[in-house]
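> Pasting a structure here, questions to come.
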Amino acid sequence: LQRVFSYVKEGAPRFIEELRTLIRQPSISAQGIGIRECAMLLREMMEKCGISAQIHQTERNPILLGEVRLERADRTLLLTAHYDVQPPDPIDKWNSPPFEARLKNGRIVGRGATDCKGNLMAILKAVESMLQTLGDVPVNLKFLFDGEEEIGSPSLPGFIEKNRDLLKVDSVVTLDAGFDPSGRPFVWLGNSGLLSVDITSQGAKWDLHSSRARLVMNPAWRLIWALSTIKDRDENVLIEGFCDQAKPPSVEESKLLDEFPWNDQEQKDALGIDNFLLGVGGRNALERLLFQPTCSVTGITSGYSGAGQKAVLPSRAQAKLEFRLVPFQDPDDILRKLRNHLAANGFGDLTVSVIAKTEPATTSLSSKVSRAAIKAASDVYGLAPVVKPRHEGSGRQGTWIASRLRVDGLLTGVGPPRWQGHAPNEFITVEHYLNGIRYVASIIHEYGR
Ligand SMILES: [Zn+2]
């Protein structure tokens, strides 16, 4: 790879300008700003790097697919990232305009600098560098760039189902985000699942005077009674069979938990709390964060909640419930169990409607792709990566995409630690960007061996 690395060094000024060009094109999925223009720009950039690229229309934002074919290759690696960004708000908190991509003191500042355009460009420039110096890549490469990651990738499940033949691969690597706060690169081998629902209790047809509460059912009480059957005060979820499919940490995962740089006080300070739930701490807190399925109330509305009194008997009450799931819980199965639980406890009249769901997924530390990424990180950065057996979040990236394709996958990233993700003054350092290009080239190289 020495020739590839020299090419990165020589090409650095141009690579930096190309990343700035991509950042300057806004692509805010939440507001539908600049998406189409960014997709077109990206296709052109992919083609220039030697990747054959197509824009695929979905119901919302286009997904870009690309390929570099090697005739004698015996395996295919899918590299993914996303080209949409978070809104830049609050704009007045930025020291330079969010889409200027200002280069100052070795930093490129702009919305998407790390999340995810810096990561995405590291993929493109790694491929260009390999093709230009080696004339080839050691494996078949496919590419998928999502335009809806920051709004939960709603089109991705359907797109993957419909395009299975285009997405025949052996492993998946997603590039996004930045280093672990400890200053080491990171590799995530799993994601949490999610089931998010509205539970609604309906009383009278319209709001009534509250004096009628002596005669008419109050849906807010009914909702509260129903919720109190779902979880007890010791944090146990009481839905029958809720944890049946939840797998405790394997020997391999336990070892990763032992090695993880976890600090209770740092975490508590960051969360603004004095104690964790149930008084857990240390490794137990980390294990709970990554392996405990949960049910939480994320919103609850009914009646009057303004200042002063209003004598109202509400006609409706609604709660938002969110379940964080772990492998191998299935969101559809949990939904069925929730409905059965409500019916069995005399609350069959409450309606449950799904807001969002994501399947949990996991990949083994000993998979070929895991070993390739860990080796590449150690080689390029001189630091063993922080390997998380799974992530507490539920994004449709890395392991999740891999599990849909029934292969192994992971998520890693090239940005600096504390890169101000989703916040004003997001940045990537030139150093992290250029090393990121080397890192992606090394992953491809290791995977191809
Ligand atoms: Zn991202």
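The chains in the structure tokens are called A, B, ... from first to last as shown; in each chain the residues are counted from 1, and the ligands are counted from 1 in the order shown.
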Which of segment 287-323 of chain A counts as alpha helix (DSSP H) under DSSP, as a list in words please?
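Taking segment 287-323 of chain A and keeping alpha helix (DSSP H) only, one gets Glu287, Arg288, Leu289, Leu290 and Phe291 of chain A.
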> May I have the residues within 6 Å of ligand 1, computed using only C-alpha atoms and all ligand atoms, as a PDB file with N, CA, C and O atoms, in the first residue's frame?

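Result written to result_5.pdb:
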ATOM      1  N   ASP A 115     -19.879  14.030   9.396  1.00  0.00           N
ATOM      2  CA  ASP A 115     -21.134  13.259   9.316  1.00  0.00           C
ATOM      3  C   ASP A 115     -21.949  13.694   8.116  1.00  0.00           C
ATOM      4  O   ASP A 115     -22.804  14.543   8.235  1.00  0.00           O
ATOM      5  N   CYS A 116     -21.746  13.163   6.940  1.00  0.00           N
ATOM      6  CA  CYS A 116     -20.925  11.963   6.723  1.00  0.00           C
ATOM      7  C   CYS A 116     -20.054  12.204   5.494  1.00  0.00           C
ATOM      8  O   CYS A 116     -19.470  11.302   4.949  1.00  0.00           O
ATOM      9  N   ASP A 176     -19.016   6.223   8.914  1.00  0.00           N
ATOM     10  CA  ASP A 176     -19.761   7.372   9.418  1.00  0.00           C
ATOM     11  C   ASP A 176     -19.158   7.767  10.760  1.00  0.00           C
ATOM     12  O   ASP A 176     -18.521   6.962  11.419  1.00  0.00           O
ATOM     13  N   ALA A 177     -19.336   9.014  11.138  1.00  0.00           N
ATOM     14  CA  ALA A 177     -18.967   9.530  12.464  1.00  0.00           C
ATOM     15  C   ALA A 177     -17.451   9.576  12.690  1.00  0.00           C
ATOM     16  O   ALA A 177     -16.667   9.417  11.746  1.00  0.00           O
TER      17      ALA A 177
END
> Within 7 Å of segment 352-376 of chain A, which residues of segment 167-222 of chain A show up? Give each one with its shortest atom-to-atom distance in Å (one decimal) and the two atoms involved, counting only C-alpha atoms, rows by chain then rising residue number, as a Markdown table.

| residue | atom | partner | partner_atom | distance |
| --- | --- | --- | --- | --- |
| A:Ser171 | CA | A:Val369 | CA | 6.4 |
| A:Leu189 | CA | A:Thr363 | CA | 5.3 |
| A:Gly190 | CA | A:Thr362 | CA | 4.1 |
| A:Asn191 | CA | A:Ala361 | CA | 5.5 |
| A:Ser192 | CA | A:Pro360 | CA | 4.7 |
| A:Gly193 | CA | A:Pro360 | CA | 3.7 |
| A:Leu194 | CA | A:Thr358 | CA | 4.9 |
| A:Leu195 | CA | A:Lys357 | CA | 4.4 |
| A:Ser196 | CA | A:Ala356 | CA | 5.1 |
| A:Val197 | CA | A:Val354 | CA | 4.4 |
| A:Asp198 | CA | A:Ser353 | CA | 5.3 |
| A:Ile199 | CA | A:Val352 | CA | 4.6 |
| A:Thr200 | CA | A:Val352 | CA | 6.6 |
> Could you name the residues that touch Trp221 of chain A at 12 Å or less, counting only C-alpha atoms, but leaving out those on the same chain fewer than 3 positions away, as a PyMOL selection string?
chain A and resi 200-203+213+216-218+224-228+301-303+313-319+347
> Quick one: pull the distance between atom CA of Ile444 of chain A and atom CA of Pro417 of chain A, Å, one decimal.
23.4 Å
